[in-house]
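Student: This one is target_25.txt, compact mmCIF, C-alpha atoms and all ligand atoms.
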```txt
# COMPACT_ATOMS: atom_id res chain seq x y z
CA MET A 18 -54.52 -5.42 13.89
CA ALA A 19 -54.36 -8.78 15.64
CA ALA A 20 -54.01 -8.63 19.41
CA ASP A 21 -50.77 -10.56 19.29
CA ALA A 22 -49.08 -8.27 16.80
CA PRO A 23 -45.69 -7.17 18.08
CA ILE A 24 -45.56 -3.65 19.45
CA THR A 25 -42.57 -2.92 17.30
CA GLN A 26 -43.14 -4.46 13.94
CA ASP A 27 -40.29 -6.29 12.33
CA VAL A 28 -38.66 -3.79 10.07
CA MET A 29 -38.54 -5.09 6.55
CA THR A 30 -35.19 -4.34 5.03
CA ILE A 31 -35.67 -2.92 1.60
CA PRO A 32 -32.47 -3.60 -0.29
CA ARG A 33 -30.88 -0.41 -1.47
CA LYS A 34 -28.94 -0.52 -4.66
CA LEU A 35 -25.17 -0.84 -4.47
CA PRO A 36 -22.98 0.69 -7.15
CA GLU A 37 -22.30 -1.48 -10.20
CA GLY A 38 -19.75 -4.21 -9.67
CA PRO A 39 -18.35 -5.50 -6.42
CA VAL A 40 -17.66 -2.96 -3.67
CA ASN A 41 -14.29 -2.91 -1.94
CA ILE A 42 -14.67 -3.32 1.82
CA VAL A 43 -11.27 -1.76 2.47
CA GLY A 44 -11.63 1.95 3.15
CA LEU A 45 -15.37 1.99 3.81
CA THR A 46 -16.17 3.86 7.01
CA ARG A 47 -18.20 2.03 9.64
CA ASP A 48 -21.33 3.87 8.48
CA LYS A 49 -20.75 3.17 4.81
CA LEU A 50 -20.08 -0.50 5.41
CA ARG A 51 -23.14 -0.77 7.62
CA GLU A 52 -25.29 0.76 4.88
CA ALA A 53 -23.79 -1.51 2.26
CA LEU A 54 -24.47 -4.58 4.41
CA ILE A 55 -28.06 -3.54 4.91
CA ALA A 56 -28.36 -2.99 1.18
CA ILE A 57 -27.56 -6.66 0.52
CA GLY A 58 -30.20 -7.76 3.01
CA THR A 59 -28.37 -7.86 6.36
CA PRO A 60 -31.00 -7.18 9.04
CA GLU A 61 -30.51 -3.68 10.45
CA LYS A 62 -30.30 -5.00 13.98
CA GLN A 63 -27.36 -7.19 13.11
CA ALA A 64 -25.54 -4.78 10.85
CA LYS A 65 -23.43 -3.12 13.53
CA MET A 66 -22.17 -6.42 14.85
CA ARG A 67 -21.40 -7.64 11.34
CA VAL A 68 -19.34 -4.49 10.69
CA ASN A 69 -17.29 -5.23 13.82
CA GLN A 70 -16.76 -8.83 12.80
CA ILE A 71 -15.75 -8.02 9.26
CA TRP A 72 -13.46 -5.19 10.36
CA GLN A 73 -11.66 -7.49 12.77
CA TRP A 74 -11.05 -10.06 10.04
CA VAL A 75 -9.88 -7.51 7.53
CA TYR A 76 -7.85 -5.10 9.64
CA GLN A 77 -6.70 -7.16 12.60
CA TRP A 78 -6.16 -10.56 11.03
CA GLY A 79 -5.33 -9.52 7.49
CA VAL A 80 -7.88 -11.89 5.99
CA ARG A 81 -8.67 -11.28 2.30
CA ASP A 82 -11.14 -14.08 1.70
CA PHE A 83 -14.69 -14.10 3.05
CA ALA A 84 -14.57 -17.88 3.28
CA GLU A 85 -12.11 -17.57 6.18
CA MET A 86 -14.48 -15.47 8.31
CA THR A 87 -15.46 -18.41 10.44
CA ASN A 88 -17.68 -16.59 12.90
CA LEU A 89 -20.11 -15.75 10.11
CA ALA A 90 -22.62 -18.23 8.73
CA LYS A 91 -21.49 -19.99 5.57
CA ALA A 92 -24.40 -18.66 3.52
CA TYR A 93 -23.66 -15.12 4.69
CA ARG A 94 -20.00 -15.47 3.71
CA ALA A 95 -21.08 -16.52 0.24
CA GLN A 96 -23.45 -13.60 0.05
CA LEU A 97 -20.66 -11.21 1.02
CA ALA A 98 -18.41 -12.70 -1.63
CA ASP A 99 -21.11 -12.07 -4.24
CA HIS A 100 -21.21 -8.37 -3.53
CA PHE A 101 -17.88 -7.35 -2.06
CA VAL A 102 -14.16 -7.68 -2.53
CA ILE A 103 -11.27 -7.07 -0.13
CA GLU A 104 -8.64 -5.30 -2.19
CA ILE A 105 -5.49 -3.36 -1.45
CA PRO A 106 -3.01 -1.69 -3.81
CA GLU A 107 -0.86 -4.13 -5.73
CA LEU A 108 2.81 -4.30 -4.81
CA VAL A 109 4.81 -3.77 -7.99
CA SER A 110 8.34 -3.63 -6.65
CA LYS A 111 10.31 -3.29 -3.47
CA GLN A 112 13.76 -1.88 -2.85
CA VAL A 113 15.64 -2.30 0.39
CA SER A 114 18.24 0.27 1.41
CA ALA A 115 21.55 -0.52 3.09
CA ASP A 116 20.02 0.99 6.26
CA GLY A 117 16.97 -1.30 6.15
CA THR A 118 14.54 1.29 4.76
CA ARG A 119 12.10 -0.28 2.33
CA LYS A 120 10.62 1.56 -0.61
CA TYR A 121 7.57 0.07 -2.23
CA LEU A 122 6.06 0.96 -5.54
CA VAL A 123 2.37 0.13 -5.54
CA ARG A 124 -0.16 0.21 -8.33
CA ILE A 125 -3.65 1.57 -7.81
CA ALA A 126 -6.75 1.51 -10.00
CA GLY A 127 -6.21 3.10 -13.37
CA GLY A 128 -2.64 1.83 -13.51
CA HIS A 129 -1.22 4.74 -11.51
CA GLU A 130 1.63 4.18 -9.15
CA VAL A 131 2.64 5.69 -5.83
CA GLU A 132 5.53 5.13 -3.47
CA VAL A 133 5.37 4.04 0.15
CA VAL A 134 8.37 3.96 2.50
CA TYR A 135 8.93 1.85 5.60
CA ILE A 136 11.57 3.12 8.04
CA PRO A 137 12.65 0.70 10.77
CA GLU A 138 14.08 2.13 13.99
CA THR A 139 15.16 0.42 17.17
CA ASP A 140 12.00 1.07 19.14
CA ARG A 141 9.47 1.52 16.37
CA GLY A 142 8.79 1.35 12.65
CA THR A 143 7.29 4.18 10.65
CA LEU A 144 5.35 3.91 7.42
CA CYS A 145 5.39 6.96 5.19
CA VAL A 146 2.12 6.90 3.27
CA SER A 147 1.08 8.74 0.09
CA SER A 148 -2.23 10.55 -0.25
CA GLN A 149 -2.17 11.65 -3.90
CA VAL A 150 -0.55 10.61 -7.16
CA GLY A 151 1.66 13.64 -7.65
CA CYS A 152 0.77 16.96 -6.04
CA THR A 153 -0.96 20.16 -7.16
CA LEU A 154 1.53 22.22 -5.21
CA THR A 155 4.93 23.02 -6.59
CA CYS A 156 7.34 23.37 -3.70
CA SER A 157 10.59 24.06 -5.47
CA PHE A 158 12.77 21.69 -3.39
CA CYS A 159 10.42 18.69 -3.63
CA HIS A 160 10.65 15.98 -6.26
CA THR A 161 6.94 15.17 -6.02
CA GLY A 162 6.24 18.83 -6.74
CA THR A 163 7.69 18.45 -10.23
CA GLN A 164 5.03 15.90 -11.06
CA LYS A 165 1.52 16.88 -12.06
CA LEU A 166 -1.36 15.80 -9.86
CA VAL A 167 -2.88 12.74 -11.41
CA ARG A 168 -5.56 12.00 -8.84
CA ASN A 169 -6.48 11.74 -5.19
CA LEU A 170 -6.14 8.34 -3.57
CA THR A 171 -9.29 6.73 -2.20
CA ALA A 172 -9.56 5.91 1.51
CA GLY A 173 -9.08 2.24 0.60
CA GLU A 174 -5.90 3.01 -1.29
CA ILE A 175 -4.55 4.97 1.68
CA VAL A 176 -5.32 2.46 4.43
CA GLY A 177 -4.44 -0.27 1.91
CA GLN A 178 -0.83 0.96 1.93
CA ILE A 179 -0.63 0.10 5.63
CA MET A 180 -2.07 -3.35 4.96
CA MET A 181 0.34 -3.92 2.07
CA ALA A 182 3.28 -3.09 4.34
CA ARG A 183 2.00 -5.44 7.04
CA ASP A 184 1.83 -8.15 4.38
CA ASP A 185 5.43 -7.48 3.42
CA LEU A 186 6.59 -7.35 7.04
CA ASP A 187 4.64 -10.52 7.73
CA GLU A 188 3.07 -8.79 10.69
CA TRP A 189 -0.44 -10.22 10.78
CA PRO A 190 -1.11 -12.25 13.93
CA GLN A 191 -1.17 -16.00 13.64
CA PRO A 192 -4.29 -17.72 14.97
CA GLY A 193 -3.65 -18.88 18.52
CA VAL A 194 -0.50 -16.80 18.84
CA GLY A 195 -1.92 -13.31 18.86
CA THR A 196 0.03 -10.13 18.51
CA GLY A 197 1.54 -7.32 20.48
CA ASP A 198 2.95 -9.20 23.46
CA ALA A 199 6.18 -10.16 21.80
CA GLY A 200 7.39 -6.57 21.62
CA PRO A 201 6.74 -3.38 19.71
CA ARG A 202 4.95 -3.61 16.44
CA LEU A 203 7.14 -3.52 13.36
CA LEU A 204 4.74 -1.01 11.90
CA SER A 205 3.95 1.20 14.88
CA ASN A 206 3.67 4.68 13.39
CA VAL A 207 2.19 6.23 10.29
CA VAL A 208 3.22 9.55 8.77
CA LEU A 209 1.32 11.16 5.92
CA MET A 210 4.53 12.45 4.39
CA GLY A 211 4.66 10.55 1.14
CA MET A 212 3.45 11.92 -2.16
CA GLY A 213 0.74 14.55 -2.12
CA GLU A 214 -0.83 17.16 0.12
CA PRO A 215 -3.08 15.23 2.52
CA LEU A 216 -5.26 18.22 3.36
CA TYR A 217 -6.20 18.55 -0.31
CA ASN A 218 -7.65 15.06 -0.10
CA PHE A 219 -9.24 15.58 3.27
CA ASP A 220 -12.24 13.24 3.28
CA ASN A 221 -10.35 10.21 2.05
CA VAL A 222 -7.43 10.84 4.38
CA ARG A 223 -9.83 11.26 7.31
CA ASP A 224 -11.74 8.07 6.53
CA ALA A 225 -8.51 6.11 6.14
CA MET A 226 -7.01 7.44 9.37
CA LYS A 227 -10.23 6.70 11.29
CA ILE A 228 -9.81 3.09 10.26
CA ALA A 229 -6.12 3.19 11.20
CA MET A 230 -7.03 4.52 14.68
CA ASP A 231 -10.09 2.36 15.35
CA GLY A 232 -9.73 -0.39 17.96
CA GLU A 233 -11.38 -2.80 15.55
CA GLY A 234 -9.39 -1.37 12.66
CA ILE A 235 -5.61 -1.15 12.49
CA SER A 236 -5.58 -0.05 16.14
CA LEU A 237 -2.87 2.60 16.07
CA SER A 238 -3.11 5.32 18.68
CA ARG A 239 -3.82 8.79 17.28
CA ARG A 240 -0.51 9.85 18.82
CA ARG A 241 1.26 7.50 16.42
CA ILE A 242 -0.15 9.16 13.33
CA THR A 243 1.28 12.40 11.99
CA LEU A 244 -0.19 14.37 9.13
CA SER A 245 2.17 16.73 7.36
CA THR A 246 0.80 19.74 5.53
CA SER A 247 2.39 22.49 3.51
CA GLY A 248 -0.07 24.86 5.19
CA VAL A 249 -3.60 24.46 3.84
CA VAL A 250 -4.98 26.84 6.46
CA PRO A 251 -8.74 26.29 6.09
CA GLU A 252 -8.37 22.53 6.62
CA ILE A 253 -6.10 22.64 9.66
CA ALA A 254 -8.83 23.11 12.27
CA LYS A 255 -10.85 20.36 10.57
CA CYS A 256 -7.86 18.08 10.88
CA ALA A 257 -7.86 18.66 14.62
CA GLU A 258 -11.60 18.21 14.99
CA GLU A 259 -12.25 15.32 12.64
CA ILE A 260 -9.01 13.32 12.75
CA GLY A 261 -7.23 14.42 15.91
CA CYS A 262 -3.83 13.06 14.92
CA LEU A 263 -0.54 14.87 15.39
CA LEU A 264 0.30 17.67 12.99
CA ALA A 265 3.50 18.54 11.20
CA VAL A 266 3.85 21.69 9.15
CA SER A 267 6.29 22.22 6.33
CA PHE A 268 7.53 25.60 7.47
CA HIS A 269 10.94 25.89 5.80
CA ALA A 270 11.39 29.68 5.85
CA THR A 271 11.18 32.62 8.21
CA THR A 272 10.18 35.39 5.82
CA ASP A 273 7.29 35.47 3.38
CA GLU A 274 9.69 36.39 0.62
CA VAL A 275 11.64 33.16 0.95
CA ARG A 276 8.64 30.99 1.84
CA ASP A 277 6.79 32.22 -1.26
CA LYS A 278 9.56 30.67 -3.32
CA LEU A 279 9.99 27.45 -1.40
CA VAL A 280 6.37 26.69 -0.52
CA PRO A 281 4.27 28.66 -3.01
CA ILE A 282 1.04 28.03 -1.10
CA ASN A 283 2.46 30.75 1.17
CA LYS A 284 1.28 33.30 -1.38
CA ARG A 285 -2.25 32.26 -0.51
CA TRP A 286 -1.84 31.78 3.26
CA ASN A 287 1.23 33.56 4.53
CA ILE A 288 3.34 32.91 7.60
CA GLU A 289 1.26 35.07 9.92
CA THR A 290 -2.04 33.51 8.84
CA LEU A 291 -0.58 30.03 9.18
CA LEU A 292 0.84 30.65 12.64
CA ASN A 293 -2.42 32.14 13.90
CA THR A 294 -4.21 29.00 12.84
CA LEU A 295 -1.59 26.77 14.41
CA ARG A 296 -1.91 28.47 17.76
CA SER A 297 -5.31 26.89 18.28
CA TYR A 298 -4.45 23.40 16.96
CA PRO A 299 -3.17 21.71 20.11
CA LYS A 300 -6.19 22.88 22.07
CA LEU A 301 -8.63 21.71 19.41
CA SER A 302 -7.16 18.27 18.99
CA ASN A 303 -6.12 17.84 22.60
CA SER A 304 -2.79 16.87 21.16
CA GLU A 305 0.86 17.28 21.82
CA ARG A 306 3.35 19.58 20.20
CA ILE A 307 3.23 20.60 16.59
CA THR A 308 6.24 19.56 14.53
CA PHE A 309 7.71 22.31 12.40
CA GLU A 310 9.57 20.75 9.51
CA TYR A 311 12.45 22.80 8.23
CA VAL A 312 14.45 21.68 5.23
CA MET A 313 18.06 22.89 5.38
CA LEU A 314 18.99 24.54 2.09
CA LYS A 315 22.46 25.95 1.70
CA ASP A 316 22.53 29.78 1.71
CA VAL A 317 18.75 29.94 1.30
CA ASN A 318 17.19 29.52 4.75
CA ASP A 319 20.00 28.34 7.01
CA SER A 320 21.54 31.46 8.61
CA ASP A 321 21.77 32.19 12.33
CA GLU A 322 19.37 35.01 11.70
CA ASP A 323 16.85 32.55 10.27
CA ALA A 324 17.17 30.38 13.36
CA ARG A 325 16.55 33.34 15.65
CA ARG A 326 13.61 34.56 13.59
CA LEU A 327 12.13 31.08 13.63
CA VAL A 328 12.21 30.91 17.40
CA LYS A 329 10.54 34.29 17.66
CA LEU A 330 7.82 33.42 15.18
CA ILE A 331 6.69 30.25 16.89
CA GLN A 332 6.71 31.74 20.38
CA GLY A 333 3.71 30.50 22.34
CA ILE A 334 3.13 27.41 20.21
CA PRO A 335 4.02 24.07 21.80
CA ALA A 336 6.44 22.91 19.15
CA LYS A 337 9.42 20.91 18.15
CA ILE A 338 11.50 21.72 15.11
CA ASN A 339 12.51 18.89 12.88
CA LEU A 340 15.51 19.88 10.78
CA ILE A 341 15.64 17.97 7.51
CA PRO A 342 18.94 18.02 5.61
CA PHE A 343 17.91 18.62 2.00
CA ASN A 344 17.77 15.44 -0.05
CA GLU A 345 18.91 15.98 -3.57
CA TRP A 346 17.17 14.57 -6.60
CA PRO A 347 18.08 14.72 -10.30
CA GLY A 348 17.73 18.33 -11.41
CA SER A 349 17.09 19.78 -7.95
CA PRO A 350 17.94 23.47 -7.81
CA TYR A 351 19.33 23.47 -4.24
CA GLN A 352 22.13 22.03 -2.15
CA ARG A 353 22.12 20.61 1.34
CA SER A 354 23.46 22.93 4.03
CA ASP A 355 26.83 21.97 5.45
CA TRP A 356 26.68 19.75 8.49
CA GLN A 357 28.29 22.34 10.77
CA ARG A 358 25.74 24.92 9.64
CA ILE A 359 22.88 22.56 10.44
CA GLU A 360 24.31 21.88 13.90
CA LYS A 361 24.73 25.57 14.63
CA PHE A 362 21.17 26.23 13.51
CA ALA A 363 19.91 23.38 15.70
CA ASP A 364 21.86 24.72 18.65
CA ILE A 365 20.27 28.17 18.49
CA ILE A 366 16.82 26.63 18.48
CA TYR A 367 17.67 24.20 21.24
CA LYS A 368 19.03 26.96 23.46
CA ALA A 369 15.76 28.84 22.98
CA GLY A 370 13.99 25.90 24.60
CA TYR A 371 12.75 23.82 21.70
CA ALA A 372 13.67 20.28 20.75
CA SER A 373 15.49 20.51 17.43
CA PRO A 374 16.33 17.02 16.19
CA ILE A 375 18.18 16.73 12.90
CA ARG A 376 16.47 14.07 10.84
CA THR A 377 18.88 11.42 9.64
CA PRO A 378 18.28 10.90 5.95
CA ARG A 379 17.07 7.33 5.48
CA GLY A 380 17.08 5.27 2.34
CA GLU A 381 18.96 7.84 0.27
CA ASP A 382 20.61 5.12 -1.80
CA ILE A 383 17.21 4.03 -3.10
CA MET A 384 15.78 7.57 -3.41
CA ALA A 385 13.41 6.93 -0.51
CA ALA A 386 14.30 9.95 1.62
CA CYS A 387 11.93 12.86 2.28
CA GLY A 388 10.91 14.62 -0.87
CA GLN A 389 12.58 12.20 -3.26
CA LEU A 390 9.47 10.27 -4.14
CA LYS A 391 7.99 10.39 -7.54
CA SER A 392 6.17 7.66 -9.34
CA ALA A 393 8.04 5.83 -12.03
CA THR A 394 5.13 5.98 -14.44
CA GLU A 395 4.95 9.73 -14.35
CA ARG A 396 8.56 10.51 -15.07
CA ALA A 397 7.82 13.11 -17.71
CA ARG A 398 9.64 15.78 -15.85
CA LYS A 399 10.01 19.46 -16.01
CA SER A 400 13.52 20.49 -16.98
CA ARG A 401 16.00 21.80 -14.44
CA ALA A 402 15.68 25.26 -15.98
CA GLN A 403 11.91 25.17 -15.73
CA ILE A 404 11.99 24.12 -12.08
CA ALA A 405 14.48 26.86 -11.27
CA ALA A 406 12.49 29.45 -13.19
CA GLU A 407 9.27 28.56 -11.38
CA ALA A 408 11.06 28.80 -8.06
CA GLY A 409 12.14 32.30 -9.02
CA LEU A 410 15.79 31.28 -9.06
CA ALA A 411 18.47 31.70 -11.61
CA ASP A 412 19.27 28.30 -13.10
CA GLN A 413 22.15 27.00 -11.03
CA ALA A 414 22.96 24.22 -13.45
N1 LIG B 1 2.73 17.51 1.15
C1 LIG B 1 3.00 17.40 2.52
C2 LIG B 1 3.58 16.07 2.94
C3 LIG B 1 4.64 15.44 2.07
S1 LIG B 1 6.27 16.03 2.11
C4 LIG B 1 3.90 18.52 2.97
O1 LIG B 1 4.44 19.22 2.12
O2 LIG B 1 4.04 18.71 4.16
C5 LIG B 1 7.00 15.53 3.65
C6 LIG B 1 8.14 16.49 4.08
O3 LIG B 1 9.31 16.37 3.26
C7 LIG B 1 7.70 17.94 3.97
O4 LIG B 1 8.10 18.68 5.09
C8 LIG B 1 8.46 18.40 2.75
O5 LIG B 1 8.59 19.77 2.74
C9 LIG B 1 9.75 17.65 2.90
N2 LIG B 1 10.55 17.60 1.68
C10 LIG B 1 10.12 17.68 0.40
N3 LIG B 1 11.16 17.59 -0.46
C11 LIG B 1 12.27 17.44 0.28
C12 LIG B 1 13.66 17.24 -0.05
N4 LIG B 1 14.06 17.17 -1.30
N5 LIG B 1 14.52 17.10 0.98
C13 LIG B 1 14.10 17.12 2.25
N6 LIG B 1 12.81 17.28 2.61
C14 LIG B 1 11.90 17.44 1.64
FE1 LIG B 2 3.44 18.71 -2.52
FE2 LIG B 2 4.43 18.48 -0.02
FE3 LIG B 2 6.04 18.23 -2.16
FE4 LIG B 2 5.03 20.62 -1.53
S1 LIG B 2 6.46 19.37 -0.29
S2 LIG B 2 5.11 19.72 -3.59
S3 LIG B 2 3.01 20.07 -0.78
S4 LIG B 2 4.34 16.87 -1.62
```
Turn this file's structure into structure tokens for me.
Tutor:
Amino acid sequence: MAADAPITQDVMTIPRKLPEGPVNIVGLTRDKLREALIAIGTPEKQAKMRVNQIWQWVYQWGVRDFAEMTNLAKAYRAQLADHFVIEIPELVSKQVSADGTRKYLVRIAGGHEVEVVYIPETDRGTLCVSSQVGCTLTCSFCHTGTQKLVRNLTAGEIVGQIMMARDDLDEWPQPGVGTGDAGPRLLSNVVLMGMGEPLYNFDNVRDAMKIAMDGEGISLSRRRITLSTSGVVPEIAKCAEEIGCLLAVSFHATTDEVRDKLVPINKRWNIETLLNTLRSYPKLSNSERITFEYVMLKDVNDSDEDARRLVKLIQGIPAKINLIPFNEWPGSPYQRSDWQRIEKFADIIYKAGYASPIRTPRGEDIMAACGQLKSATERARKSRAQIAAEAGLADQA
């Protein structure tokens, strides 16, 4: 070897093969994007910096065209455009409720459609994101539960919903103006409470939320992201360890007998098993209280006794209880509890020392409220009788 040979030889980058067709940048984790950049010939030493630059353009500035990435060399931009695309779900239609809630129907690859809901409040704005087309679970009070699972959303389709909403809200910063100083973000919070069970699509949800939380990504604090699960016990600890966002649990009943009917996954992991798992969540994720969601169904789960049992069950868990007045949908086999009943229930919980906010239904006039979502393309519905029969109820039609 010549005396002047470098001690560390220049590493030759051997291009690895990318999948056929252009690769979508949106939804690729840092590691996956880095690998993909190296595969098209980006020197390994530069790859990390290039990931940062591209992420900033895509997730902080909302840029969809490589040509606009002015801190990259022109030839490199062209090379990126040859191999990659920057794609988000296509907005098909938008409805705006009298209360300002926006419901979007978006189309994803394969022609499937999912719904996304934006809920403006005085001090923040929450985007309710879907994780699956349909749902494998069949909670008897949930509209999405009457629809078959079509498929899991990819990470790009999940984080792409946030980007689509920022497009619609016109919330990308303008060059030279910046963002954030003018007041709270329009889209400040994300809840995984749209269609689907997020913990049954764990890897994609995790990858998408990592991008949402990353300082060079969407830059939302992990405390502004809430994942709601029906109680997929084996994935709950993973959610704490690998995502670290806030957790909400669809609890909805205080006995296994009733919960089996409302949230059938209870037959697999019952109330006791679920609660044992939840006891360790806040410690694992270093997070705040767990939200217990409780849908108020007339004469089903709304008695004083239920309220007292609920308080006893969750003893020792840092928690708040979110009471959700049932939102009806065509063919739904339940009714909303009376307002006075809901207030009495809330009062018992409050007096036991837990916050017990009653969630104001938002966007009811456009069927955008909790549990009313269902994609328009998959309307082939079960009949009212079938839904009631599966819930173990007599048909109340
Ligand atoms: N699959 C997840 C997240 C989506 S549902 C889960 O089940 O947690 C978001 C919340 O809306 C859940 O608490 C769900 O139980 C509740 N919900 C479903 N249908 C509803 C309805 N018709 N009225 C009120 N809340 C409903
Ligand atoms: Fe699925 Fe959640 Fe609806 Fe149950 S409540 S059917 S888990 S989306």
Student: Fewer than 5 positions away in the same chain doesn't count, so skip those; otherwise give me all residues within 12 Å of A:Lys284, counting all atoms listed in the file, as an NGL selection string.
Tutor: :A and (154 or 156 or 247-250 or 272-279 or 289-291)
Student: Out of A:Ser354, A:Gln70, A:Thr46, A:Thr155, which residue has the shortest atom-to-atom distance to ligand LIG 2 (chain B) when counting all atoms listed in the file?
Tutor: A:Thr155
Student: Quick one: everything within 7 Å of stretch 140-145 of chain A, counting all atoms listed in the file, minus sequence neighbours fewer than 4 positions away in the same chain. Send it as number ranges by chain.
Tutor: A: 133-136, 201-211
Student: Neighbours of ligand LIG 1 (chain B) within 6 Å, counting only C-alpha atoms and all ligand atoms, as a PyMOL selection string?
Tutor: chain A and resi 158-159+210-214+245-247+266-267+310+312+341-345+387-389
Student: Restricting it to C-alpha atoms, dump the selection as a compact mmCIF listing (two decimals), in the frame of the given file.
Tutor:
```txt
# COMPACT_ATOMS: atom_id res chain seq x y z
CA PHE A 158 12.77 21.69 -3.39
CA CYS A 159 10.42 18.69 -3.63
CA MET A 210 4.53 12.45 4.39
CA GLY A 211 4.66 10.55 1.14
CA MET A 212 3.45 11.92 -2.16
CA GLY A 213 0.74 14.55 -2.12
CA GLU A 214 -0.83 17.16 0.12
CA SER A 245 2.17 16.73 7.36
CA THR A 246 0.80 19.74 5.53
CA SER A 247 2.39 22.49 3.51
CA VAL A 266 3.85 21.69 9.15
CA SER A 267 6.29 22.22 6.33
CA GLU A 310 9.57 20.75 9.51
CA VAL A 312 14.45 21.68 5.23
CA ILE A 341 15.64 17.97 7.51
CA PRO A 342 18.94 18.02 5.61
CA PHE A 343 17.91 18.62 2.00
CA ASN A 344 17.77 15.44 -0.05
CA GLU A 345 18.91 15.98 -3.57
CA CYS A 387 11.93 12.86 2.28
CA GLY A 388 10.91 14.62 -0.87
CA GLN A 389 12.58 12.20 -3.26
```
Student: To one decimal place, how far is atom CA of A:Tyr121 from atom CA of A:Ile307 in Å?
Tutor: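 If I compute the distance from atom CA of A:Tyr121 to atom CA of A:Ile307, I get 28.2 Å.
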Student: Quick one: of A:Asn41, A:Thr171, A:Gln191, A:Asn339, who's nearest to A:Glu104, counting all atoms listed in the file?
Tutor: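 With all atoms listed in the file as the atom set, the closest residue is A:Asn41.
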Student: Determine the nearest neighbour of A:Leu314 from the options A:Asn283, A:Ile334, A:Ile383, A:Ser349, counting all atoms listed in the file.
Tutor: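 Of all the options, A:Ser349 lies closest to A:Leu314.
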